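Peer 1: Below is one structure. I have some questions about it.
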Amino acid sequence: MFAEMLVSVREKSPIVHNITNYVTVNDCANILLACGASPIMADDIEEAADITSICAALNINIGTLNKNTIPSMFAAGKKANELAHPVLLDPVGAGASLLRTNTAAELVREIKFSVIRGNISEIKALFSGTASTRGVDASELDAISEKNLDEAVKYVKSVAAENDCIIAVTGAIDIVADKEKAYIITNGHPIMSRITGSGCMLSAMITAYIAANPENMLCAAAAAVAAMGLCGEKAKLRMNEKDGNSSFRNYLIDEIFNLTPQALKEGAKYEIR
Amino acid sequence: MFAEMLVSVREKSPIVHNITNYVTVNDCANILLACGASPIMADDIEEAADITSICAALNINIGTLNKNTIPSMFAAGKKANELAHPVLLDPVGAGASLLRTNTAAELVREIKFSVIRGNISEIKALFSGTASTRGVDASELDAISEKNLDEAVKYVKSVAAENDCIIAVTGAIDIVADKEKAYIITNGHPIMSRITGSGCMLSAMITAYIAANPENMLCAAAAAVAAMGLCGEKAKLRMNEKDGNSSFRNYLIDEIFNLTPQALKEGAKYEIR
Amino acid sequence: MFAEMLVSVREKSPIVHNITNYVTVNDCANILLACGASPIMADDIEEAADITSICAALNINIGTLNKNTIPSMFAAGKKANELAHPVLLDPVGAGASLLRTNTAAELVREIKFSVIRGNISEIKALFSGTASTRGVDASELDAISEKNLDEAVKYVKSVAAENDCIIAVTGAIDIVADKEKAYIITNGHPIMSRITGSGCMLSAMITAYIAANPENMLCAAAAAVAAMGLCGEKAKLRMNEKDGNSSFRNYLIDEIFNLTPQALKEGAKYEIR
């Protein structure tokens with residue numbers, strides 16, 4: 001099924017509206033183009049809802065949020081809800097400041113999200129009020145491992161149930177779940193945490209996948225997560241001894257550009273619980 | 001003549017003031033450095049005019065425009081006009097939101113632009129009030145082809161005449177024209193639309209070219225357009241089977257860095273009508 | 001000693017709070033990850049002090065400063081001072097506009113900086129009220145050379161003494177000094193000035209080095225400067241005839257990623273005066 005999700009992105013080339021941070025915005029635009037979608041970034045309140053209207057989906061990322069862009073997130077989110085467009089939230093750094101935690105929480109109250117994607121610490125900070133934080137990275141204390149996987153799946157499903165949306169928790173092991181069904185995905189490579197924006201890029205790409213596959217968003221979100229992890233593995237294999245994180249970033253986007261449905265089908269490592 | 005335009009950029013190394021979007025700003029800075037110019041970005045109203053004053057030219061790009069940067073565009077533009085500095089407008093996404101269309105239109109009314117560069121949908125939205133839009137990309141409905149080229153050249157010349165400036169419409173076929181003379185340029189490669197910022201980078205580079213060649217801005221603008229297209233072709237040739245759009249972006253900037261006047265002279269594909 | 005400074009960054013992996021410009025912010029994040037630290041960017045007044053509190057050090061860079069981010073620089077700086085966190089100032093473009101010069105001067109009056117890093121024109125504009133300016137680049141008139149080196153070292157030490165901090169003046173020859181001791185570092189390559197952000201990246205990296213080595217900040221700052229210059233040399237050696245400034249930027253970050261303590265020890269070119 002993952003292969004079909006990718007085919008659909010390439011065929012429909014959805015335009016994705018991004019209200020996102022200025023750190024990784026260029027990477028988000030290029031990964032959207034790489035996967036077959038088309039990005040537009042617009043965060044002023046005077047145009048946020050208008051831009052959403054001409055797009056197929058909305059990606060809200062709270063990294064470098066500020067007093068000008070926060071109202072735009074709400075305006076665009078509400079417009080997307082009106083139009084029944086898929087909307088994704090990436091609560092970057094929830095738990096690292098009250099502004100981030102509270103803004104993310106209010107967004108969740110006011111906007112109906114199709115998918116919320118974060119690392120485990122961000123998801124815990126947002127939904128359980130308890131998390132360790134290491135800035136924008138997940139704390140080791142919260143990490144999902146084989147040992148606590150059953151418990152983690154149960155937790156993610158319960159958060160999904162409470163919020164009636166898909167929750168994607170990404171890390172060494174990824175869990176993408178609605179209230180009933182969880183994809184557990186083990187693609188990826190630790191070097192992905194040595195570049196900025198691997199999470200932001202994934203959120204942008206999930207938005208493209210759910211935009212192109214609105215009838216099957218859980219599978220689409222899982223496919224995007226597997227695609228990113230698989231391309232991380234492939235990008236790592238391409239590295240020579242002189243390459244570092246900057247070349248890795250380029251290779252990662254390149255791999256997304258070149259990823260075939262067949263390669264995704266064969267390379268995705270997941271189980272369903 | 002194109003070769004001389006490039007030589008002049010390298011010799012004068014003009015400082016270009018950019019008020020531009022945060023998506024592709026890093027690429028704009030690096031392409032300016034690659035072509036031999038020097039970039040400075042500054043968009044606060046408190047310094048916009050001051051920064052313009054120490055520069056040779058101004059590049060106004062309305063991607064991710066907002067209520068803080070819009071007044072700075074006007075202030076810097078007026079200062080540049082006072083000082084008789086060349087000024088370029090890139091109406092990114094005109095037609096995609098009222099804010100963009102209206103801001104671009106008001107800029108055109110209040111500021112004397114040397115060059116306005118956009119895709120055909122943006123130019124039509126701005127000057128004819130009619131265009132299809134696909135966000136920041138041109139609509140296929142508006143595309144310039146061999147079939148409608150005569151009509152398109154006439155249209156671009158008429159817009160140039162009405163606004164007393166150079167209009168650069170870029171796409172598969174580029175038209176760079178003032179009211180009397182049009183360069184029709186056919187360099188380039190479709191993969192250029194698979195990276196973010198190829199238009200923004202071109203606008204920044206045109207600004208450097210007209211800054212260094214103020215006595216011959218039409219030729220300078222056309223030279224920059226041909227240079228970008230030619231380097232796109234060369235960058236594409238450098239790609240191996242693992243490369244994607246991210247490597248292409250790097251190769252494109254690299255090619256601009258290494259472009260010789262001789263190579264530009266020999267590789268430029270254009271006619272004049 | 002330089003080797004130990006790097007080892008400490010890798011072992012402690014300090015989180016660095018950056019309030020920085022949107023031009024080079026992605027490069028700053030990736031260079032911090034490359035050297036072993038962890039970046040977080042946050043510039044809204046509502047969270048600036050909170051984010052500083054969970055970090056080990058603060059990097060304030062005034063490129064693309066604006067009326068929203070300037071108050072955040074003061075708030076975060078004061079909080080960092082309260083918590084005795086190292087704080088670095090990069091006065092990008094001081095001398096190019098009154099806003100930049102005055103903001104940098106007021107920051108220096110209100111915040112206790114551990115390190116101030118700029119090119120010679122920026123440092124002169126900020127502390128001596130006299131400098132030539134070429135936008136964000138140093139003017140050739142101000143350049144430090146073998147001829148005026150003694151005088152320059154004396155000047156940098158005097159500025160360090162007056163401000164009770166470490167001053168890092170970088171260019172073809174770098175001087176990193178407190179009131180008593182100056183490291184004169186001659187690593188580097190001219191191509192480093194052909195990418196945007198080599199100064200910003202260095203400032204971010206110095207912040208990580210002083211965060212990890214608070215008991216020996218002069219040596220730590222000098223080590224970061226030598227590391228950046230050395231990696232610039234190594235990145236240049238990696239370039240083939242098709243590579244330009246974009247590939248150079250990637251190679252530079254890659255070299256920081258792969259730099260070993262041993263290579264830094266052997267490759268650093270410096271003397272102490």
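Identifiers for the structure tokens are assigned positionally: chains receive A, B, ... in sequence, residues are indexed from 1 per chain, and ligands are indexed from 1 in the order shown.
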Would you list which chain C residues are within 10 Å of chain A using only C-alpha atoms, as a compact mmCIF listing (two decimals) with all heavy atoms, in the first residue's frame?
Peer 2:
# COMPACT_ATOMS: atom_id res chain seq x y z
N PRO C 14 26.62 20.63 24.26
CA PRO C 14 25.83 21.72 24.83
C PRO C 14 24.70 22.17 23.90
O PRO C 14 24.88 22.20 22.68
CB PRO C 14 26.85 22.85 25.01
CG PRO C 14 27.93 22.55 24.02
CD PRO C 14 28.01 21.05 23.94
N ILE C 15 23.57 22.53 24.49
CA ILE C 15 22.49 23.13 23.71
C ILE C 15 22.76 24.62 23.63
O ILE C 15 22.99 25.28 24.65
CB ILE C 15 21.10 22.90 24.35
CG1 ILE C 15 20.88 21.41 24.66
CG2 ILE C 15 20.00 23.39 23.42
CD1 ILE C 15 19.50 21.11 25.26
N VAL C 16 22.79 25.15 22.42
CA VAL C 16 23.08 26.56 22.20
C VAL C 16 21.82 27.27 21.70
O VAL C 16 21.23 26.87 20.69
CB VAL C 16 24.23 26.73 21.18
CG1 VAL C 16 24.45 28.21 20.86
CG2 VAL C 16 25.51 26.09 21.70
N HIS C 17 21.44 28.32 22.42
CA HIS C 17 20.31 29.15 21.99
C HIS C 17 20.83 30.21 21.02
O HIS C 17 21.77 30.94 21.33
CB HIS C 17 19.68 29.83 23.22
CG HIS C 17 18.52 30.73 22.88
ND1 HIS C 17 18.04 31.66 23.75
CD2 HIS C 17 17.76 30.83 21.76
CE1 HIS C 17 17.02 32.31 23.19
NE2 HIS C 17 16.84 31.83 21.99
N ILE C 19 19.79 33.49 18.67
CA ILE C 19 18.89 34.52 18.11
C ILE C 19 19.69 35.09 16.95
O ILE C 19 20.66 35.82 17.14
CB ILE C 19 18.53 35.59 19.14
CG1 ILE C 19 17.83 34.95 20.34
CG2 ILE C 19 17.65 36.67 18.50
CD1 ILE C 19 17.42 35.94 21.42
N THR C 20 19.32 34.69 15.76
CA THR C 20 20.21 34.96 14.63
C THR C 20 19.41 35.32 13.38
O THR C 20 18.19 35.32 13.40
CB THR C 20 21.16 33.76 14.40
OG1 THR C 20 22.14 34.11 13.44
CG2 THR C 20 20.42 32.52 13.94
N ASN C 21 20.11 35.66 12.34
CA ASN C 21 19.47 36.11 11.11
C ASN C 21 18.90 34.94 10.33
O ASN C 21 19.33 33.80 10.48
CB ASN C 21 20.48 36.89 10.27
CG ASN C 21 21.58 36.00 9.75
OD1 ASN C 21 21.38 35.24 8.80
ND2 ASN C 21 22.74 36.04 10.39
N TYR C 22 17.93 35.25 9.44
CA TYR C 22 17.29 34.19 8.68
C TYR C 22 18.06 33.83 7.41
O TYR C 22 17.62 32.95 6.66
CB TYR C 22 15.82 34.54 8.36
CG TYR C 22 15.59 35.80 7.58
CD1 TYR C 22 15.69 35.82 6.19
CD2 TYR C 22 15.26 36.99 8.20
CE1 TYR C 22 15.48 36.98 5.46
CE2 TYR C 22 15.03 38.15 7.49
CZ TYR C 22 15.14 38.14 6.12
OH TYR C 22 14.93 39.29 5.40
N VAL C 23 19.17 34.50 7.16
CA VAL C 23 19.95 34.21 5.94
C VAL C 23 20.75 32.92 6.11
O VAL C 23 20.77 32.06 5.24
CB VAL C 23 20.89 35.37 5.59
CG1 VAL C 23 21.61 35.09 4.28
CG2 VAL C 23 20.14 36.70 5.54
N THR C 24 21.43 32.82 7.26
CA THR C 24 22.40 31.73 7.44
C THR C 24 22.01 30.80 8.58
O THR C 24 22.82 30.02 9.04
CB THR C 24 23.79 32.31 7.71
OG1 THR C 24 23.76 33.03 8.96
CG2 THR C 24 24.23 33.26 6.61
N VAL C 25 20.79 30.90 9.03
CA VAL C 25 20.37 30.19 10.23
C VAL C 25 20.44 28.68 10.06
O VAL C 25 20.80 27.95 10.99
CB VAL C 25 18.94 30.64 10.63
CG1 VAL C 25 17.93 30.37 9.54
CG2 VAL C 25 18.51 30.04 11.95
N ASN C 26 20.13 28.20 8.86
CA ASN C 26 20.20 26.76 8.62
C ASN C 26 21.65 26.27 8.70
O ASN C 26 21.94 25.22 9.29
CB ASN C 26 19.59 26.47 7.25
CG ASN C 26 19.51 24.99 6.94
OD1 ASN C 26 20.44 24.41 6.40
ND2 ASN C 26 18.41 24.36 7.29
N ASP C 27 22.56 27.05 8.13
CA ASP C 27 23.98 26.70 8.21
C ASP C 27 24.46 26.72 9.66
O ASP C 27 25.26 25.88 10.07
CB ASP C 27 24.81 27.68 7.38
CG ASP C 27 24.51 27.58 5.90
OD1 ASP C 27 24.20 26.47 5.42
OD2 ASP C 27 24.58 28.61 5.20
N CYS C 28 23.99 27.69 10.44
CA CYS C 28 24.39 27.76 11.85
C CYS C 28 23.90 26.53 12.61
O CYS C 28 24.63 25.96 13.42
CB CYS C 28 23.83 29.03 12.49
SG CYS C 28 24.66 30.53 11.92
N ALA C 29 22.67 26.11 12.33
CA ALA C 29 22.15 24.92 12.99
C ALA C 29 22.97 23.69 12.61
O ALA C 29 23.35 22.88 13.45
CB ALA C 29 20.68 24.71 12.63
N ASN C 30 23.28 23.56 11.33
CA ASN C 30 24.01 22.37 10.89
C ASN C 30 25.46 22.37 11.35
O ASN C 30 26.02 21.31 11.63
CB ASN C 30 23.91 22.22 9.37
CG ASN C 30 22.64 21.47 8.98
OD1 ASN C 30 22.20 20.56 9.69
ND2 ASN C 30 22.03 21.85 7.86
N ILE C 31 26.09 23.54 11.46
CA ILE C 31 27.48 23.56 11.94
C ILE C 31 27.51 23.21 13.44
O ILE C 31 28.45 22.55 13.91
CB ILE C 31 28.17 24.91 11.65
CG1 ILE C 31 29.70 24.72 11.56
CG2 ILE C 31 27.89 25.97 12.72
CD1 ILE C 31 30.24 24.61 10.21
N LEU C 32 26.49 23.65 14.17
CA LEU C 32 26.43 23.28 15.59
C LEU C 32 26.27 21.77 15.74
O LEU C 32 26.95 21.14 16.57
CB LEU C 32 25.29 24.01 16.29
CG LEU C 32 25.58 25.49 16.61
CD1 LEU C 32 24.32 26.22 17.04
CD2 LEU C 32 26.66 25.61 17.70
N LEU C 33 25.41 21.18 14.93
CA LEU C 33 25.27 19.72 14.96
C LEU C 33 26.55 19.06 14.51
O LEU C 33 26.97 18.03 15.06
CB LEU C 33 24.09 19.30 14.08
CG LEU C 33 22.72 19.64 14.68
CD1 LEU C 33 21.64 19.69 13.61
CD2 LEU C 33 22.34 18.61 15.75
N ALA C 34 27.21 19.64 13.51
CA ALA C 34 28.45 19.06 12.99
C ALA C 34 29.54 19.02 14.06
O ALA C 34 30.27 18.03 14.18
CB ALA C 34 28.94 19.85 11.78
N CYS C 35 29.64 20.06 14.86
CA CYS C 35 30.74 20.11 15.84
C CYS C 35 30.41 19.31 17.09
O CYS C 35 31.29 19.11 17.94
CB CYS C 35 31.13 21.55 16.16
SG CYS C 35 30.02 22.43 17.28
N GLY C 36 29.17 18.87 17.22
CA GLY C 36 28.82 18.03 18.36
C GLY C 36 27.83 18.67 19.32
O GLY C 36 27.42 18.04 20.29
N ALA C 37 27.43 19.92 19.04
CA ALA C 37 26.48 20.61 19.91
C ALA C 37 25.07 20.43 19.39
O ALA C 37 24.85 19.72 18.40
CB ALA C 37 26.85 22.10 19.99
N SER C 38 24.13 21.08 20.04
CA SER C 38 22.72 20.97 19.67
C SER C 38 22.14 22.38 19.59
O SER C 38 22.25 23.14 20.53
CB SER C 38 22.02 20.14 20.75
OG SER C 38 20.66 19.97 20.46
N PRO C 39 21.55 22.74 18.45
CA PRO C 39 21.05 24.12 18.30
C PRO C 39 19.59 24.25 18.66
O PRO C 39 18.80 23.32 18.47
CB PRO C 39 21.21 24.35 16.79
CG PRO C 39 20.97 23.00 16.19
CD PRO C 39 21.45 21.98 17.21
N ILE C 40 19.21 25.41 19.16
CA ILE C 40 17.80 25.78 19.21
C ILE C 40 17.70 27.25 18.83
O ILE C 40 18.51 28.06 19.26
CB ILE C 40 17.13 25.46 20.56
CG1 ILE C 40 15.61 25.72 20.49
CG2 ILE C 40 17.73 26.20 21.71
CD1 ILE C 40 14.80 25.05 21.60
N MET C 41 16.76 27.56 17.97
CA MET C 41 16.54 28.93 17.54
C MET C 41 15.19 29.38 18.08
O MET C 41 14.19 28.66 17.92
CB MET C 41 16.50 29.01 16.01
CG MET C 41 17.86 29.06 15.33
SD MET C 41 18.85 27.54 15.58
CE MET C 41 20.35 27.97 14.68
N ALA C 42 15.15 30.55 18.69
CA ALA C 42 13.91 31.07 19.27
C ALA C 42 14.12 32.55 19.46
O ALA C 42 15.08 32.96 20.11
CB ALA C 42 13.61 30.40 20.60
N ASP C 43 13.24 33.37 18.89
CA ASP C 43 13.47 34.82 18.97
C ASP C 43 12.25 35.63 19.33
O ASP C 43 12.28 36.85 19.22
CB ASP C 43 14.07 35.33 17.65
CG ASP C 43 13.15 35.13 16.47
OD1 ASP C 43 11.94 34.91 16.67
OD2 ASP C 43 13.63 35.22 15.32
N ASP C 44 11.18 34.97 19.77
CA ASP C 44 10.03 35.77 20.21
C ASP C 44 10.22 36.14 21.68
O ASP C 44 10.66 35.33 22.49
CB ASP C 44 8.72 34.98 20.02
CG ASP C 44 7.52 35.87 20.21
OD1 ASP C 44 7.25 36.70 19.31
OD2 ASP C 44 6.86 35.79 21.27
N ILE C 45 9.83 37.38 21.99
CA ILE C 45 10.03 37.88 23.35
C ILE C 45 9.32 37.01 24.39
O ILE C 45 9.79 36.87 25.53
CB ILE C 45 9.57 39.36 23.45
CG1 ILE C 45 9.94 39.97 24.79
CG2 ILE C 45 8.07 39.50 23.17
CD1 ILE C 45 11.40 40.17 25.00
N GLU C 46 8.25 36.36 23.99
CA GLU C 46 7.50 35.53 24.94
C GLU C 46 8.24 34.27 25.35
O GLU C 46 7.84 33.60 26.31
CB GLU C 46 6.14 35.13 24.34
CG GLU C 46 5.18 36.26 24.11
CD GLU C 46 4.73 36.94 25.40
OE1 GLU C 46 4.59 36.22 26.40
OE2 GLU C 46 4.54 38.16 25.39
N GLU C 47 9.24 33.88 24.59
CA GLU C 47 9.93 32.64 24.98
C GLU C 47 11.45 32.79 25.03
O GLU C 47 12.13 31.84 25.43
CB GLU C 47 9.56 31.48 24.04
CG GLU C 47 10.12 31.58 22.63
CD GLU C 47 9.99 30.25 21.86
OE1 GLU C 47 9.62 29.23 22.44
OE2 GLU C 47 10.28 30.27 20.65
N ALA C 48 11.98 33.95 24.64
CA ALA C 48 13.44 34.08 24.51
C ALA C 48 14.15 33.72 25.82
O ALA C 48 15.10 32.93 25.84
CB ALA C 48 13.81 35.48 24.04
N ALA C 49 13.68 34.29 26.93
CA ALA C 49 14.35 34.02 28.21
C ALA C 49 14.15 32.58 28.65
O ALA C 49 15.07 31.95 29.20
CB ALA C 49 13.85 34.99 29.28
N ASP C 50 12.96 32.03 28.40
CA ASP C 50 12.69 30.62 28.75
C ASP C 50 13.63 29.68 28.02
O ASP C 50 14.15 28.72 28.61
CB ASP C 50 11.25 30.23 28.36
CG ASP C 50 10.22 30.74 29.35
OD1 ASP C 50 10.60 31.41 30.32
OD2 ASP C 50 9.02 30.47 29.13
N ILE C 51 13.79 29.93 26.75
CA ILE C 51 14.65 29.04 25.97
C ILE C 51 16.11 29.17 26.44
O ILE C 51 16.81 28.16 26.61
CB ILE C 51 14.53 29.35 24.46
CG1 ILE C 51 13.12 29.02 23.94
CG2 ILE C 51 15.57 28.58 23.65
CD1 ILE C 51 12.73 27.57 23.93
N THR C 52 16.54 30.39 26.69
CA THR C 52 17.90 30.57 27.22
C THR C 52 18.10 29.74 28.48
O THR C 52 19.18 29.15 28.68
CB THR C 52 18.15 32.06 27.49
OG1 THR C 52 18.35 32.72 26.24
CG2 THR C 52 19.39 32.27 28.36
N SER C 53 17.07 29.68 29.30
CA SER C 53 17.19 28.98 30.58
C SER C 53 17.47 27.49 30.44
O SER C 53 18.13 26.90 31.31
CB SER C 53 15.91 29.16 31.40
OG SER C 53 15.66 30.53 31.61
N ILE C 54 17.00 26.88 29.36
CA ILE C 54 17.24 25.44 29.21
C ILE C 54 18.49 25.15 28.39
O ILE C 54 18.80 23.99 28.12
CB ILE C 54 16.03 24.71 28.57
CG1 ILE C 54 15.76 25.23 27.15
CG2 ILE C 54 14.79 24.82 29.43
CD1 ILE C 54 14.99 24.25 26.29
N CYS C 55 19.20 26.21 27.99
CA CYS C 55 20.40 26.02 27.17
C CYS C 55 21.66 26.24 27.99
O CYS C 55 21.61 26.68 29.13
CB CYS C 55 20.38 27.01 25.99
SG CYS C 55 19.08 26.61 24.80
N ASN C 68 11.03 43.22 16.36
CA ASN C 68 10.55 42.13 17.21
C ASN C 68 11.68 41.37 17.86
O ASN C 68 11.56 40.90 18.99
CB ASN C 68 9.70 41.15 16.39
CG ASN C 68 8.39 41.77 15.98
OD1 ASN C 68 7.79 42.55 16.71
ND2 ASN C 68 7.94 41.44 14.77
N THR C 69 12.77 41.20 17.14
CA THR C 69 13.83 40.34 17.68
C THR C 69 14.80 41.10 18.57
O THR C 69 15.45 40.50 19.44
CB THR C 69 14.60 39.65 16.55
OG1 THR C 69 15.09 40.64 15.64
CG2 THR C 69 13.71 38.68 15.79
N ALA C 235 38.39 21.75 3.25
CA ALA C 235 37.26 21.76 2.31
C ALA C 235 37.73 22.24 0.94
O ALA C 235 37.29 21.73 -0.09
CB ALA C 235 36.14 22.64 2.85
N ARG C 238 39.34 19.57 -0.99
CA ARG C 238 38.41 18.55 -1.48
C ARG C 238 37.75 18.96 -2.80
O ARG C 238 37.18 18.12 -3.50
CB ARG C 238 37.34 18.30 -0.41
CG ARG C 238 36.45 17.12 -0.71
CD ARG C 238 35.49 16.85 0.43
NE ARG C 238 34.42 15.95 0.01
CZ ARG C 238 33.32 15.71 0.71
NH1 ARG C 238 33.15 16.30 1.88
NH2 ARG C 238 32.40 14.89 0.25
N SER C 247 29.19 23.82 -3.21
CA SER C 247 29.83 22.58 -2.75
C SER C 247 30.82 22.87 -1.63
O SER C 247 30.93 22.11 -0.66
CB SER C 247 30.55 21.89 -3.91
OG SER C 247 29.59 21.34 -4.80
N ARG C 249 30.58 25.09 0.67
CA ARG C 249 29.83 25.22 1.92
C ARG C 249 29.52 23.84 2.52
O ARG C 249 29.70 23.61 3.72
CB ARG C 249 28.51 25.97 1.66
CG ARG C 249 27.68 26.23 2.92
CD ARG C 249 26.50 25.29 3.05
NE ARG C 249 25.66 25.20 1.89
CZ ARG C 249 24.58 25.95 1.67
NH1 ARG C 249 24.25 26.86 2.54
NH2 ARG C 249 23.87 25.76 0.58
N ASN C 250 29.10 22.91 1.67
CA ASN C 250 28.82 21.57 2.17
C ASN C 250 30.08 20.90 2.70
O ASN C 250 30.06 20.27 3.76
CB ASN C 250 28.21 20.72 1.05
CG ASN C 250 26.82 21.20 0.67
OD1 ASN C 250 26.02 21.54 1.53
ND2 ASN C 250 26.55 21.27 -0.63
N TYR C 251 31.15 21.04 1.96
CA TYR C 251 32.41 20.39 2.39
C TYR C 251 32.90 20.98 3.72
O TYR C 251 33.45 20.27 4.56
CB TYR C 251 33.50 20.58 1.33
CG TYR C 251 33.21 19.93 0.00
CD1 TYR C 251 33.90 20.34 -1.15
CD2 TYR C 251 32.28 18.91 -0.14
CE1 TYR C 251 33.67 19.75 -2.38
CE2 TYR C 251 32.03 18.32 -1.37
CZ TYR C 251 32.72 18.74 -2.49
OH TYR C 251 32.49 18.16 -3.71
N LEU C 252 32.71 22.30 3.87
CA LEU C 252 33.15 22.95 5.11
C LEU C 252 32.42 22.36 6.32
O LEU C 252 33.03 22.01 7.33
CB LEU C 252 32.89 24.46 5.00
CG LEU C 252 33.22 25.30 6.23
CD1 LEU C 252 34.70 25.20 6.59
CD2 LEU C 252 32.83 26.77 6.00
N ILE C 253 31.11 22.26 6.21
CA ILE C 253 30.33 21.69 7.33
C ILE C 253 30.72 20.22 7.52
O ILE C 253 30.89 19.74 8.65
CB ILE C 253 28.82 21.87 7.08
CG1 ILE C 253 28.47 23.37 7.01
CG2 ILE C 253 28.00 21.18 8.19
CD1 ILE C 253 27.02 23.68 6.62
N ASP C 254 30.90 19.51 6.41
CA ASP C 254 31.34 18.10 6.50
C ASP C 254 32.67 17.98 7.25
O ASP C 254 32.86 17.05 8.04
CB ASP C 254 31.53 17.51 5.09
CG ASP C 254 30.21 17.17 4.40
OD1 ASP C 254 29.14 17.28 5.02
OD2 ASP C 254 30.26 16.78 3.21
N GLU C 255 33.59 18.87 6.95
CA GLU C 255 34.91 18.80 7.60
C GLU C 255 34.80 19.06 9.10
O GLU C 255 35.49 18.42 9.90
CB GLU C 255 35.89 19.80 6.97
CG GLU C 255 36.30 19.46 5.54
CD GLU C 255 37.19 18.23 5.43
OE1 GLU C 255 37.75 17.78 6.45
OE2 GLU C 255 37.33 17.71 4.30
N ILE C 256 33.92 19.99 9.48
CA ILE C 256 33.69 20.21 10.92
C ILE C 256 33.12 18.94 11.55
O ILE C 256 33.49 18.56 12.66
CB ILE C 256 32.74 21.41 11.13
CG1 ILE C 256 33.40 22.73 10.69
CG2 ILE C 256 32.26 21.50 12.59
CD1 ILE C 256 34.52 23.22 11.57
N PHE C 257 32.24 18.30 10.82
CA PHE C 257 31.62 17.04 11.30
C PHE C 257 32.68 15.98 11.56
O PHE C 257 32.61 15.24 12.54
CB PHE C 257 30.62 16.56 10.25
CG PHE C 257 29.82 15.33 10.62
CD1 PHE C 257 28.60 15.45 11.28
CD2 PHE C 257 30.26 14.06 10.27
CE1 PHE C 257 27.85 14.32 11.60
CE2 PHE C 257 29.51 12.93 10.60
CZ PHE C 257 28.31 13.06 11.27
N ASN C 258 33.64 15.90 10.65
CA ASN C 258 34.65 14.83 10.70
C ASN C 258 35.94 15.22 11.41
O ASN C 258 36.85 14.40 11.52
CB ASN C 258 34.98 14.37 9.27
CG ASN C 258 33.84 13.58 8.65
OD1 ASN C 258 33.26 12.71 9.30
ND2 ASN C 258 33.49 13.89 7.41
N LEU C 259 36.05 16.46 11.83
CA LEU C 259 37.31 16.92 12.44
C LEU C 259 37.64 16.14 13.71
O LEU C 259 36.81 16.03 14.61
CB LEU C 259 37.19 18.42 12.78
CG LEU C 259 38.45 19.08 13.35
CD1 LEU C 259 39.56 19.11 12.31
CD2 LEU C 259 38.14 20.49 13.85
Peer 1: Apply DSSP to the backbone of this structure and, from region 147-258 of chain B, keep only the residues in alpha helix (DSSP H); write these as JSON, numbers by chain.
Peer 2: {"B": [149, 150, 151, 152, 153, 154, 155, 156, 157, 158, 159, 160, 161, 162, 163, 198, 199, 200, 201, 202, 203, 204, 205, 206, 207, 208, 209, 210, 211, 212, 217, 218, 219, 220, 221, 222, 223, 224, 225, 226, 227, 228, 229, 230, 231, 232, 233, 234, 235, 236, 237, 238, 245, 246, 247, 248, 249, 250, 251, 252, 253, 254, 255, 256, 257, 258]}
Peer 1: Once DSSP has gone over the backbone, tell me which residues of region 145-234 of chain B are in strand (DSSP E), as a VMD selection string.
Peer 2: chain B and resid 166 to 169 174 to 177 182 to 185
Peer 1: Would you kindly return, as a ChimeraX atom specification, each protein, DNA or RNA residue with an atom no farther than 7 Å from any atom of Val115 (chain B), considering only C-alpha atoms and excluding same-chain residues fewer than 2 positions away?
Peer 2: /B:87-89,113,117,165-167
Peer 1: Take the residues that were just selected and, keeping C-alpha atoms, output them as a PDB file, in the first residue's frame.
Peer 2:
ATOM      1  CA  VAL B  87      15.646  48.312  -8.515  1.00  0.00           C
ATOM      2  CA  LEU B  88      14.147  44.925  -9.348  1.00  0.00           C
ATOM      3  CA  LEU B  89      10.762  43.514  -8.354  1.00  0.00           C
ATOM      4  CA  PHE B 113      11.460  49.612 -11.205  1.00  0.00           C
ATOM      5  CA  ARG B 117      10.848  39.496 -13.209  1.00  0.00           C
ATOM      6  CA  CYS B 165      10.728  49.241 -17.451  1.00  0.00           C
ATOM      7  CA  ILE B 166      12.236  45.936 -18.453  1.00  0.00           C
ATOM      8  CA  ILE B 167       9.986  42.913 -18.052  1.00  0.00           C
TER       9      ILE B 167
END
Peer 1: I need the residue nearest Lys236 (chain A) from this list: A:Ala172, A:Asp164, A:Asn102, A:Gly188. Use only C-alpha atoms for the distance.
Peer 2: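 For Lys236 (chain A), the nearest of the given residues is A:Gly188.
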